[in-house]
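Source file: query.csv (CSV, C-alpha atoms)
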chain,number,residue,atom,x,y,z
A,1,MET,CA,97.1,16.6,137.1
A,2,LEU,CA,98.0,16.4,140.7
A,3,ALA,CA,97.9,12.7,140.4
A,4,HIS,CA,100.4,12.7,137.6
A,5,PHE,CA,103.1,14.6,139.6
A,6,LEU,CA,102.4,12.6,142.8
A,7,GLU,CA,102.8,9.3,141.0
A,8,GLU,CA,106.0,10.6,139.3
A,9,ALA,CA,107.2,11.1,142.9
A,10,ASN,CA,106.4,7.5,143.8
A,11,LEU,CA,103.2,8.2,145.6
A,12,PRO,CA,100.2,6.1,144.6
A,13,THR,CA,97.0,8.0,144.1
A,14,THR,CA,93.3,7.5,143.6
A,15,GLN,CA,90.7,10.1,143.0
A,16,ILE,CA,87.0,10.9,142.6
A,17,SER,CA,86.0,12.4,139.3
A,18,LEU,CA,83.0,14.7,138.9
A,19,ILE,CA,83.4,15.5,135.2
A,20,ARG,CA,84.1,12.3,133.4
A,21,GLU,CA,85.1,13.9,130.1
A,22,HIS,CA,87.9,15.9,131.8
A,23,THR,CA,89.2,12.8,133.6
A,24,ALA,CA,89.2,10.8,130.4
A,25,THR,CA,91.3,13.5,128.8
A,26,ILE,CA,93.8,13.9,131.7
A,27,ASN,CA,93.9,10.2,132.1
A,28,PRO,CA,95.1,9.9,135.8
A,29,PRO,CA,96.2,6.5,137.1
A,30,ARG,CA,93.0,5.7,139.1
A,31,ALA,CA,89.7,7.5,139.1
A,32,LEU,CA,86.2,6.8,140.2
A,33,TRP,CA,83.6,8.9,138.3
A,34,VAL,CA,80.5,9.7,140.3
A,35,PRO,CA,77.3,11.1,138.9
A,36,PHE,CA,76.8,13.6,141.7
A,37,GLU,CA,76.1,17.3,141.8
A,38,LEU,CA,79.2,19.5,141.5
A,39,GLY,CA,80.2,20.3,145.1
A,40,ARG,CA,79.2,16.9,146.5
A,41,PRO,CA,81.9,14.4,145.5
A,42,LEU,CA,80.9,12.0,148.2
A,43,GLY,CA,77.2,12.2,147.2
A,44,ILE,CA,74.9,12.8,150.2
A,45,PRO,CA,75.4,15.0,153.2
A,46,ASN,CA,74.8,13.2,156.6
A,47,ASP,CA,74.7,9.8,155.0
A,48,ALA,CA,77.7,8.0,156.3
A,49,ALA,CA,76.9,4.7,154.8
A,50,PHE,CA,76.5,6.2,151.3
A,51,GLN,CA,79.7,8.2,151.7
A,52,SER,CA,81.6,5.1,152.9
A,53,THR,CA,80.4,3.2,149.8
A,54,VAL,CA,81.7,5.9,147.5
A,55,LEU,CA,85.0,6.2,149.4
A,56,LEU,CA,85.6,2.4,149.5
A,57,ALA,CA,84.9,2.1,145.8
A,58,CYS,CA,87.5,4.8,145.2
A,59,LEU,CA,90.1,3.3,147.6
A,60,ARG,CA,89.6,-0.2,146.1
A,61,LEU,CA,91.1,1.1,142.9
A,62,PHE,CA,94.4,0.7,144.7
A,63,ASP,CA,93.9,-3.1,144.2
A,64,GLU,CA,94.0,-2.7,140.4
A,65,LYS,CA,97.1,-4.3,138.9
A,66,GLU,CA,97.4,-2.0,136.0
A,67,GLY,CA,96.0,1.2,134.7
A,68,PRO,CA,95.1,3.9,134.0
A,69,VAL,CA,91.7,2.9,135.2
A,70,LEU,CA,88.5,5.1,135.1
A,71,GLU,CA,85.7,3.3,136.8
A,72,ASP,CA,82.0,4.5,137.0
A,73,PHE,CA,80.2,4.5,140.3
A,74,GLY,CA,77.0,2.8,139.6
A,75,GLU,CA,74.7,4.3,142.1
A,76,ASN,CA,73.2,7.8,141.8
A,77,VAL,CA,71.9,9.9,144.7
A,78,PRO,CA,68.4,8.7,145.3
A,79,SER,CA,65.8,11.4,144.8
A,80,THR,CA,63.9,12.5,147.9
A,81,PRO,CA,60.5,14.0,148.3
A,82,ALA,CA,61.8,17.4,149.4
A,83,ARG,CA,59.7,20.5,149.7
A,84,GLU,CA,60.8,21.4,146.2
A,85,ASP,CA,59.0,18.4,144.8
A,86,GLN,CA,55.9,19.3,146.7
A,87,GLY,CA,55.8,22.7,145.0
A,88,GLY,CA,56.4,24.5,148.3
A,89,ALA,CA,58.4,27.6,148.9
A,90,CYS,CA,60.7,28.5,151.7
A,91,PRO,CA,58.3,29.9,154.3
A,92,ILE,CA,59.8,33.3,154.8
A,93,ASN,CA,58.7,36.6,153.4
A,94,PHE,CA,60.7,39.7,153.6
A,95,VAL,CA,59.1,43.1,154.0
A,96,GLN,CA,60.4,45.6,151.5
A,97,HIS,CA,60.9,49.2,152.5
A,98,THR,CA,60.6,52.1,150.1
A,99,ASN,CA,61.7,55.6,151.2
A,100,PHE,CA,62.1,58.1,148.5
A,101,ASN,CA,64.3,60.3,150.7
A,102,ARG,CA,67.0,57.7,150.6
A,103,THR,CA,69.3,56.5,147.8
A,104,VAL,CA,68.7,53.1,146.3
A,105,ALA,CA,71.8,51.9,148.0
A,106,GLU,CA,70.6,53.2,151.4
A,107,GLN,CA,67.2,51.5,150.9
A,108,LEU,CA,68.9,48.2,149.9
A,109,ALA,CA,71.2,48.4,152.9
A,110,ILE,CA,68.1,48.8,155.2
A,111,ALA,CA,66.3,46.0,153.5
A,112,LEU,CA,69.3,43.7,153.6
A,113,ARG,CA,69.9,44.5,157.3
A,114,GLU,CA,66.3,43.6,158.0
A,115,GLU,CA,66.5,40.4,156.0
A,116,ILE,CA,69.7,39.3,157.8
A,117,LEU,CA,68.0,40.2,161.1
A,118,GLN,CA,65.0,38.0,160.3
A,119,LEU,CA,67.2,35.1,159.4
A,120,SER,CA,69.5,35.4,162.4
A,121,PRO,CA,67.4,33.3,164.8
A,122,TRP,CA,67.5,30.5,162.3
A,123,TYR,CA,71.2,30.9,161.7
A,124,ASP,CA,71.7,30.8,165.5
A,125,LEU,CA,69.6,27.7,165.7
A,126,ALA,CA,71.6,25.9,163.0
A,127,LEU,CA,74.8,26.9,164.8
A,128,ASN,CA,73.6,25.6,168.1
A,129,LYS,CA,72.3,22.4,166.6
A,130,HIS,CA,75.3,21.5,164.5
A,131,GLY,CA,78.0,23.3,166.5
A,132,ARG,CA,79.4,24.4,163.2
A,133,THR,CA,79.1,27.1,160.6
A,134,THR,CA,80.9,27.7,157.3
A,135,VAL,CA,80.3,31.5,157.7
A,136,GLY,CA,83.3,33.6,158.7
A,137,VAL,CA,85.8,33.2,155.9
A,138,SER,CA,85.7,37.0,155.2
A,139,GLY,CA,86.2,37.9,158.9
A,140,ILE,CA,83.2,40.2,158.7
A,141,ASP,CA,80.4,39.6,161.2
A,142,PRO,CA,77.1,38.7,159.5
A,143,ALA,CA,75.5,41.7,161.1
A,144,GLU,CA,78.0,44.0,159.3
A,145,LEU,CA,77.8,42.3,155.9
A,146,ALA,CA,74.9,44.5,154.7
A,147,ASP,CA,76.7,47.8,155.3
A,148,PHE,CA,80.0,46.5,153.8
A,149,LEU,CA,78.3,45.1,150.7
A,150,CYS,CA,75.9,48.0,150.0
A,151,ALA,CA,78.8,50.4,150.3
A,152,PHE,CA,80.0,49.1,147.0
A,153,LEU,CA,76.9,50.6,145.4
A,154,GLU,CA,78.0,54.1,146.3
A,155,GLY,CA,81.8,53.9,145.9
A,156,LEU,CA,84.5,51.8,147.4
A,157,PRO,CA,84.4,51.1,151.2
A,158,ALA,CA,87.5,50.7,153.3
A,159,ASN,CA,89.0,47.2,153.3
A,160,PRO,CA,88.6,45.7,156.8
A,161,ARG,CA,91.5,43.3,156.0
A,162,GLU,CA,95.1,44.0,155.4
A,163,ASP,CA,96.2,40.6,154.1
A,164,ILE,CA,94.0,40.6,150.9
A,165,THR,CA,92.7,43.1,148.4
A,166,LEU,CA,89.4,44.8,148.7
A,167,THR,CA,88.1,42.8,145.7
A,168,GLU,CA,89.1,39.6,147.5
A,169,THR,CA,87.4,40.7,150.7
A,170,LEU,CA,84.3,41.4,148.6
A,171,LYS,CA,84.3,37.9,147.2
A,172,LEU,CA,84.6,36.3,150.6
A,173,ALA,CA,81.9,38.6,152.0
A,174,VAL,CA,79.6,37.4,149.3
A,175,ASP,CA,80.4,33.8,150.1
A,176,ASP,CA,79.7,34.5,153.7
A,177,LEU,CA,76.4,36.1,152.9
A,178,LYS,CA,75.2,33.2,150.8
A,179,ALA,CA,76.3,30.7,153.4
A,180,PHE,CA,74.5,32.6,156.1
A,181,TYR,CA,71.3,32.5,154.2
A,182,SER,CA,71.6,28.8,153.3
A,183,GLU,CA,72.5,27.7,156.8
A,184,ALA,CA,69.6,29.7,158.2
A,185,MET,CA,67.0,28.5,155.7
A,186,ALA,CA,68.1,24.9,156.1
A,187,ALA,CA,67.4,25.1,159.8
A,188,GLN,CA,63.7,25.9,159.3
A,189,PRO,CA,61.0,23.3,160.0
A,190,GLY,CA,60.1,20.7,157.4
A,191,GLN,CA,62.0,18.6,155.0
A,192,PRO,CA,65.5,20.0,154.4
A,193,PRO,CA,65.5,22.1,151.2
A,194,THR,CA,67.5,20.7,148.3
A,195,SER,CA,70.4,22.7,146.9
A,196,SER,CA,68.4,23.7,143.9
A,197,MET,CA,65.6,25.0,146.1
A,198,LEU,CA,68.0,27.0,148.2
A,199,THR,CA,69.5,28.4,145.0
A,200,LYS,CA,66.2,29.4,143.5
A,201,TRP,CA,65.0,31.0,146.7
A,202,PHE,CA,68.2,33.0,147.3
A,203,TRP,CA,68.5,34.3,143.7
A,204,HIS,CA,64.8,34.9,143.1
A,205,GLU,CA,63.3,36.0,146.4
A,206,THR,CA,65.9,37.8,148.5
A,207,THR,CA,67.1,41.3,148.8
A,208,ALA,CA,70.5,39.8,149.2
A,209,ALA,CA,70.4,38.6,145.6
A,210,GLN,CA,69.3,42.1,144.4
A,211,VAL,CA,72.3,43.6,146.2
A,212,LEU,CA,74.6,41.1,144.6
A,213,TYR,CA,73.2,41.7,141.1
A,214,ASP,CA,73.7,45.5,141.6
A,215,ILE,CA,77.3,44.9,142.9
A,216,GLN,CA,77.9,42.8,139.8
A,217,ASP,CA,76.9,45.7,137.7
A,218,VAL,CA,79.3,47.9,139.6
A,219,CYS,CA,82.1,45.4,139.1
A,220,LEU,CA,81.4,45.1,135.4
A,221,HIS,CA,81.9,48.9,135.0
A,222,SER,CA,85.0,49.0,137.1
A,223,ASN,CA,88.4,50.1,135.8
A,224,ASP,CA,90.0,47.4,137.9
A,225,ASP,CA,90.7,44.1,136.1
A,226,MET,CA,90.0,41.9,139.2
A,227,MET,CA,86.7,43.7,139.9
A,228,ARG,CA,85.6,43.1,136.3
A,229,LEU,CA,86.6,39.4,136.6
A,230,LEU,CA,84.6,39.2,139.7
A,231,GLY,CA,81.6,40.6,138.0
A,232,GLN,CA,82.0,38.5,134.9
A,233,LEU,CA,82.7,35.1,136.4
A,234,LEU,CA,82.9,34.8,140.2
A,235,LEU,CA,80.1,36.7,141.9
A,236,ILE,CA,76.9,35.3,140.3
A,237,PRO,CA,76.5,31.6,139.3
A,238,MET,CA,76.2,30.9,135.6
A,239,ARG,CA,72.5,30.4,135.0
A,240,PRO,CA,70.4,30.1,131.9
A,241,GLU,CA,69.0,33.5,130.8
A,242,ALA,CA,65.5,32.4,131.6
A,243,ASP,CA,66.5,31.7,135.1
A,244,LYS,CA,67.8,35.3,135.7
A,245,LEU,CA,64.6,36.7,137.1
A,246,ALA,CA,64.3,40.1,138.4
A,247,VAL,CA,64.3,39.8,142.2
A,248,VAL,CA,62.0,41.3,144.7
B,1,MET,CA,73.7,15.6,138.1
B,2,ALA,CA,77.3,16.1,137.3
B,3,ARG,CA,76.9,14.5,133.9
B,4,LEU,CA,78.3,17.3,131.6
B,5,ALA,CA,75.4,16.9,129.3
B,6,ASP,CA,72.9,17.6,132.1
B,7,LEU,CA,74.4,20.9,133.2
B,8,PRO,CA,72.6,24.0,132.1
B,9,GLU,CA,74.1,26.4,129.6
B,10,PRO,CA,76.2,28.5,129.8
B,11,LEU,CA,77.8,26.5,132.6
B,12,ARG,CA,78.1,23.3,130.4
B,13,THR,CA,80.1,25.0,127.7
B,14,HIS,CA,82.2,26.9,130.2
B,15,ILE,CA,83.2,23.6,131.9
B,16,ALA,CA,83.5,21.7,128.6
B,17,ASP,CA,85.9,24.3,127.3
B,18,LEU,CA,88.2,24.3,130.4
B,19,PRO,CA,91.7,23.3,129.3
B,20,CYS,CA,92.8,19.9,130.6
B,21,PRO,CA,96.5,19.0,130.7
B,22,THR,CA,97.7,15.9,129.0
B,23,PHE,CA,100.9,14.0,129.5
B,24,ASN,CA,103.1,11.8,127.4
B,25,THR,CA,103.6,9.3,130.2
B,26,ASN,CA,101.3,7.5,132.6
B,27,PRO,CA,103.2,7.0,135.9
B,28,TRP,CA,101.7,4.2,138.0
B,29,GLN,CA,102.8,3.4,141.5
B,30,GLU,CA,101.7,0.3,143.4
B,31,GLY,CA,101.8,-0.3,147.1
B,32,PRO,CA,100.8,-2.5,150.0
B,33,PRO,CA,97.2,-3.8,150.4
B,34,LEU,CA,94.6,-1.4,151.5
B,35,THR,CA,94.9,-2.6,155.1
B,36,ALA,CA,98.5,-1.3,155.2
B,37,ARG,CA,97.8,2.0,153.4
B,38,ARG,CA,98.4,5.3,155.2
B,39,ILE,CA,96.1,7.7,153.4
B,40,ALA,CA,96.1,11.5,153.1
B,41,ILE,CA,93.4,13.6,151.5
B,42,ILE,CA,94.2,16.3,149.0
B,43,SER,CA,91.2,18.4,148.2
B,44,THR,CA,90.9,21.0,145.4
B,45,ALA,CA,87.9,22.6,147.1
B,46,GLY,CA,89.8,25.6,148.4
B,47,LEU,CA,89.4,24.4,152.0
B,48,HIS,CA,91.5,25.8,154.9
B,49,VAL,CA,91.5,26.2,158.6
B,50,ARG,CA,89.4,29.1,159.8
B,51,GLY,CA,91.7,32.1,160.1
B,52,ASP,CA,94.2,30.7,157.6
B,53,ARG,CA,95.0,32.7,154.5
B,54,PRO,CA,92.1,32.5,152.1
B,55,PHE,CA,92.6,31.4,148.5
B,56,THR,CA,92.5,34.0,145.8
B,57,VAL,CA,92.2,34.0,142.1
B,58,MET,CA,94.8,31.8,140.5
B,59,SER,CA,96.2,30.6,143.8
B,60,GLY,CA,98.6,27.7,143.0
B,61,ASP,CA,99.6,27.0,146.6
B,62,TYR,CA,98.1,24.8,149.2
B,63,ARG,CA,96.8,24.9,152.7
B,64,ILE,CA,97.6,22.4,155.5
B,65,ILE,CA,94.7,20.8,157.2
B,66,PRO,CA,95.7,19.0,160.4
B,67,GLY,CA,94.1,15.6,161.0
B,68,THR,CA,92.9,16.9,164.3
B,69,VAL,CA,90.9,19.7,162.7
B,70,SER,CA,87.3,20.0,163.8
B,71,ALA,CA,84.4,20.5,161.4
B,72,ASN,CA,83.7,24.0,162.6
B,73,ASP,CA,87.3,25.0,161.9
B,74,LEU,CA,87.2,24.1,158.2
B,75,VAL,CA,86.0,26.8,155.8
B,76,MET,CA,86.1,27.3,152.1
B,77,SER,CA,87.4,30.2,150.0
B,78,HIS,CA,87.1,28.6,146.5
B,79,VAL,CA,86.7,31.4,144.0
B,80,SER,CA,84.0,29.7,141.8
B,81,SER,CA,80.3,30.3,142.4
B,82,ASN,CA,79.4,27.4,140.1
B,83,PHE,CA,79.1,24.5,142.4
B,84,ASP,CA,76.9,23.6,145.3
B,85,ARG,CA,78.1,24.6,148.8
B,86,THR,CA,75.0,23.7,150.8
B,87,GLY,CA,76.2,20.1,151.0
B,88,PHE,CA,79.4,21.2,152.7
B,89,GLN,CA,77.4,23.4,154.9
B,90,GLN,CA,75.4,20.4,156.1
B,91,ASP,CA,78.3,17.9,156.4
B,92,TRP,CA,82.0,18.5,155.7
B,93,ASN,CA,82.4,14.8,154.8
B,94,VAL,CA,80.5,15.3,151.5
B,95,ILE,CA,83.7,17.1,150.4
B,96,PHE,CA,86.3,16.2,152.9
B,97,PRO,CA,85.7,12.6,154.1
B,98,LEU,CA,88.0,12.7,157.1
B,99,ASP,CA,85.4,11.1,159.5
B,100,ARG,CA,84.8,8.3,156.9
B,101,LEU,CA,88.6,7.6,156.6
B,102,LYS,CA,89.0,7.5,160.3
B,103,GLU,CA,86.1,5.0,160.5
B,104,LEU,CA,87.8,2.8,157.9
B,105,ALA,CA,91.0,3.0,159.9
B,106,SER,CA,89.3,2.0,163.1
B,107,GLN,CA,87.7,-0.9,161.4
B,108,GLY,CA,91.0,-2.0,160.0
B,109,THR,CA,89.9,-1.6,156.4
B,110,ILE,CA,92.8,0.8,155.8
B,111,GLY,CA,96.0,1.0,157.7
B,112,SER,CA,95.9,4.6,159.1
B,113,VAL,CA,95.0,8.2,158.3
B,114,ALA,CA,97.8,10.7,157.8
B,115,ASP,CA,98.5,13.4,160.4
B,116,PHE,CA,98.1,16.1,157.8
B,117,HIS,CA,95.8,16.7,154.8
B,118,TYR,CA,96.0,19.4,152.2
B,119,SER,CA,93.8,21.6,149.9
B,120,PHE,CA,94.4,23.4,146.7
B,121,MET,CA,91.9,25.7,145.0
B,122,GLY,CA,90.9,24.0,141.8
B,123,ALA,CA,90.0,27.1,139.7
B,124,THR,CA,93.6,27.7,138.8
B,125,ASP,CA,95.7,26.9,135.9
B,126,PRO,CA,96.8,23.4,136.9
B,127,LEU,CA,100.4,24.1,135.8
B,128,GLN,CA,100.6,26.8,138.6
B,129,MET,CA,100.3,24.0,141.1
B,130,THR,CA,103.2,22.0,139.7
B,131,THR,CA,106.0,23.3,142.1
B,132,ALA,CA,103.8,23.1,145.1
B,133,VAL,CA,102.6,19.5,144.5
B,134,ARG,CA,106.1,18.3,143.8
B,135,ASN,CA,107.2,19.7,147.1
B,136,LEU,CA,104.2,18.3,148.8
B,137,ALA,CA,105.1,14.8,147.6
B,138,ASP,CA,108.2,14.9,149.8
B,139,ILE,CA,106.3,16.2,152.8
B,140,LEU,CA,103.6,13.4,152.4
B,141,LYS,CA,106.4,10.8,152.5
B,142,LYS,CA,107.7,12.3,155.7
B,143,ASP,CA,104.2,11.6,157.1
B,144,GLY,CA,104.5,8.0,156.1
B,145,VAL,CA,101.8,8.4,153.5
B,146,ASN,CA,101.7,5.6,150.9
B,147,ALA,CA,98.3,6.5,149.3
B,148,VAL,CA,96.7,9.8,148.4
B,149,LEU,CA,93.0,10.3,147.9
B,150,LEU,CA,92.3,13.3,145.6
B,151,VAL,CA,88.9,14.8,146.0
B,152,PRO,CA,87.6,17.5,143.6
B,153,VAL,CA,84.6,19.8,144.2
Could you render the structure as structure tokens?
Amino acid sequence: MLAHFLEEANLPTTQISLIREHTATINPPRALWVPFELGRPLGIPNDAAFQSTVLLACLRLFDEKEGPVLEDFGENVPSTPAREDQGGACPINFVQHTNFNRTVAEQLAIALREEILQLSPWYDLALNKHGRTTVGVSGIDPAELADFLCAFLEGLPANPREDITLTETLKLAVDDLKAFYSEAMAAQPGQPPTSSMLTKWFWHETTAAQVLYDIQDVCLHSNDDMMRLLGQLLLIPMRPEADKLAVV
Amino acid sequence: MARLADLPEPLRTHIADLPCPTFNTNPWQEGPPLTARRIAIISTAGLHVRGDRPFTVMSGDYRIIPGTVSANDLVMSHVSSNFDRTGFQQDWNVIFPLDRLKELASQGTIGSVADFHYSFMGATDPLQMTTAVRNLADILKKDGVNAVLLVPV
């Protein structure tokens, strides 16, 4: 759709398409459909040659003399013998604490703080190695994420930000938590884990996921429309029912 | 793995049912050869400079990404949880190929790279972006842009 209005304003466009059916319906002037995972329009991280091939294929559509043109990129992402294919698991085990003098929320907060603490050296290693992190969009320090998130299990915490709503801060804090875990785990020794391996690990094996499922339940029972929307669509990825395992 | 048929349910049906706008016309603009193109990226990944206003549900506006931005200064506040973010965590070029564009410019394959790039947040009713993108067209021309690369997520 953006392409349509830009071309109307005399600006030539080309684009990558991730969902071919949508692009065929919208019918933009130039599009290159790629068979890559959603979230990876250029295909392979840290593979400049592959990315350049995709990019050039997309830019060369400017040479077409007439359109609309929807071209298919012929090359898929090659499969790699990642840890996932070897049947391995992310080599980290989190100790669970049970103290019947505490509420469930308090126990989860303790367990989540411990989990974050255990991952912190790996997160720091990743940050030092790459000089970059995608964590920080919420503005909440990773060490404070556990308390902020678990507070939703016992009521509504104060919003640490003035520029967005508490619900919006919650969403960004969840994104930061997931990014922190992924970046930390990807820094551990061995073949880099695939995205599906990181997803399975996070949602099946971490206290963080248990906290998020519990927060989702709070959102679904909220009187606030945005909180319910968060619970219904935005907090937890859509997964097959069989994939929604009870965690830890 | 982004073949619609390969996506697991209920995500497949959710994506398949997303409304797509259609138009009665097919505007088509030509331009100079690739070697004379000045290219700007417009992403719909909800990218923005760290510290900039995050995107929120149904945001129809855009964020400015200076061409001088560093990888550590670019973050994402897309509202959807249904796409991979680990690729972006490893390498921003997998979503925002600024380094690749600069390489093509230095090789002379393209003319140049724009001074500014932009991001919308794609999980929005597309019509809510109409005003913003029309305004953006004028701004892109002021930057000398004669080719726009649109990158989804």
Counting only C-alpha atoms, a student should be able to say which residues of chain A come within 7 Å of chain B; what is the right answer, written as a PDB file with C-alpha atoms, keeping the file's coordinate frame?
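Written file, iface12.pdb:
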ATOM      1  CA  MET A   1      97.100  16.600 137.100  1.00  0.00           C
ATOM      2  CA  LEU A   2      98.000  16.400 140.700  1.00  0.00           C
ATOM      3  CA  HIS A   4     100.400  12.700 137.600  1.00  0.00           C
ATOM      4  CA  PHE A   5     103.100  14.600 139.600  1.00  0.00           C
ATOM      5  CA  LEU A   6     102.400  12.600 142.800  1.00  0.00           C
ATOM      6  CA  GLU A   7     102.800   9.300 141.000  1.00  0.00           C
ATOM      7  CA  GLU A   8     106.000  10.600 139.300  1.00  0.00           C
ATOM      8  CA  ALA A   9     107.200  11.100 142.900  1.00  0.00           C
ATOM      9  CA  ASN A  10     106.400   7.500 143.800  1.00  0.00           C
ATOM     10  CA  LEU A  11     103.200   8.200 145.600  1.00  0.00           C
ATOM     11  CA  PRO A  12     100.200   6.100 144.600  1.00  0.00           C
ATOM     12  CA  THR A  13      97.000   8.000 144.100  1.00  0.00           C
ATOM     13  CA  THR A  14      93.300   7.500 143.600  1.00  0.00           C
ATOM     14  CA  GLN A  15      90.700  10.100 143.000  1.00  0.00           C
ATOM     15  CA  ILE A  16      87.000  10.900 142.600  1.00  0.00           C
ATOM     16  CA  SER A  17      86.000  12.400 139.300  1.00  0.00           C
ATOM     17  CA  LEU A  18      83.000  14.700 138.900  1.00  0.00           C
ATOM     18  CA  ILE A  19      83.400  15.500 135.200  1.00  0.00           C
ATOM     19  CA  HIS A  22      87.900  15.900 131.800  1.00  0.00           C
ATOM     20  CA  THR A  25      91.300  13.500 128.800  1.00  0.00           C
ATOM     21  CA  ILE A  26      93.800  13.900 131.700  1.00  0.00           C
ATOM     22  CA  PRO A  29      96.200   6.500 137.100  1.00  0.00           C
ATOM     23  CA  PRO A  35      77.300  11.100 138.900  1.00  0.00           C
ATOM     24  CA  PHE A  36      76.800  13.600 141.700  1.00  0.00           C
ATOM     25  CA  GLU A  37      76.100  17.300 141.800  1.00  0.00           C
ATOM     26  CA  LEU A  38      79.200  19.500 141.500  1.00  0.00           C
ATOM     27  CA  GLY A  39      80.200  20.300 145.100  1.00  0.00           C
ATOM     28  CA  ARG A  40      79.200  16.900 146.500  1.00  0.00           C
ATOM     29  CA  PRO A  41      81.900  14.400 145.500  1.00  0.00           C
ATOM     30  CA  LEU A  42      80.900  12.000 148.200  1.00  0.00           C
ATOM     31  CA  GLY A  43      77.200  12.200 147.200  1.00  0.00           C
ATOM     32  CA  ILE A  44      74.900  12.800 150.200  1.00  0.00           C
ATOM     33  CA  PRO A  45      75.400  15.000 153.200  1.00  0.00           C
ATOM     34  CA  ASN A  46      74.800  13.200 156.600  1.00  0.00           C
ATOM     35  CA  SER A  52      81.600   5.100 152.900  1.00  0.00           C
ATOM     36  CA  GLY A 131      78.000  23.300 166.500  1.00  0.00           C
ATOM     37  CA  ARG A 132      79.400  24.400 163.200  1.00  0.00           C
ATOM     38  CA  THR A 133      79.100  27.100 160.600  1.00  0.00           C
ATOM     39  CA  THR A 134      80.900  27.700 157.300  1.00  0.00           C
ATOM     40  CA  VAL A 137      85.800  33.200 155.900  1.00  0.00           C
ATOM     41  CA  GLU A 168      89.100  39.600 147.500  1.00  0.00           C
ATOM     42  CA  LEU A 172      84.600  36.300 150.600  1.00  0.00           C
ATOM     43  CA  SER A 182      71.600  28.800 153.300  1.00  0.00           C
ATOM     44  CA  GLU A 183      72.500  27.700 156.800  1.00  0.00           C
ATOM     45  CA  SER A 195      70.400  22.700 146.900  1.00  0.00           C
ATOM     46  CA  LEU A 234      82.900  34.800 140.200  1.00  0.00           C
ATOM     47  CA  LEU A 235      80.100  36.700 141.900  1.00  0.00           C
ATOM     48  CA  ILE A 236      76.900  35.300 140.300  1.00  0.00           C
ATOM     49  CA  PRO A 237      76.500  31.600 139.300  1.00  0.00           C
ATOM     50  CA  MET A 238      76.200  30.900 135.600  1.00  0.00           C
ATOM     51  CA  ARG A 239      72.500  30.400 135.000  1.00  0.00           C
ATOM     52  CA  PRO A 240      70.400  30.100 131.900  1.00  0.00           C
TER      53      PRO A 240
END
Using all atoms listed in the file, the shortest atom-to-atom distance to Tyr62 in chain B among B:Ile139, B:Ala114, B:Ala5, B:Met121 belongs to B:Met121
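Candidate residues A:Val34, A:Leu212, A:Leu55, A:Leu119 were compared for distance to Lys102 in chain B, and the nearest is A:Leu55, using all atoms listed in the file.
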CA of Met226 in chain A to CA of Thr167 in chain A measures 6.8 Å
(Q) So that I can see what lies close to Phe148 in chain A, please list as a PyMOL selection string the residues with an atom at most 9 Å from it, counting all atoms listed in the file and leaving out residues fewer than 6 positions away in the same chain. (A) chain A and resi 140+157-158+170+173
Nearest to Phe180 in chain A, restricted to only C-alpha atoms and choosing among A:Ser120, A:Asn76, A:Asn101, A:Ser138, comes out as A:Ser120
Using CA of Val211 in chain A and CA of Ala184 in chain A as the two end points, give the distance in Å to one decimal.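 For CA of Val211 in chain A relative to CA of Ala184 in chain A, the distance reads 18.6 Å.
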Of A:Leu59, A:Leu229, A:Leu220, A:Val104, the one nearest to Cys150 in chain A when counting only C-alpha atoms is A:Val104
Between A:Gly155, A:Pro189, A:Gly139, A:Pro78, smallest distance to Val174 in chain A by all atoms listed in the file belongs to A:Gly139
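The interatomic distance for the pair CA of Ala49 in chain A and CA of Phe116 in chain B works out to 24.3 Å.
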Where's the centre, and what are the edge lengths in Å to one decimal, of a box along x, y and z enclosing all listed atoms of range 47-54 of chain A padded 3 Å per side, as JSON?
{"center_x": 78.2, "center_y": 6.5, "center_z": 151.9, "size_x": 13.0, "size_y": 12.6, "size_z": 14.8}
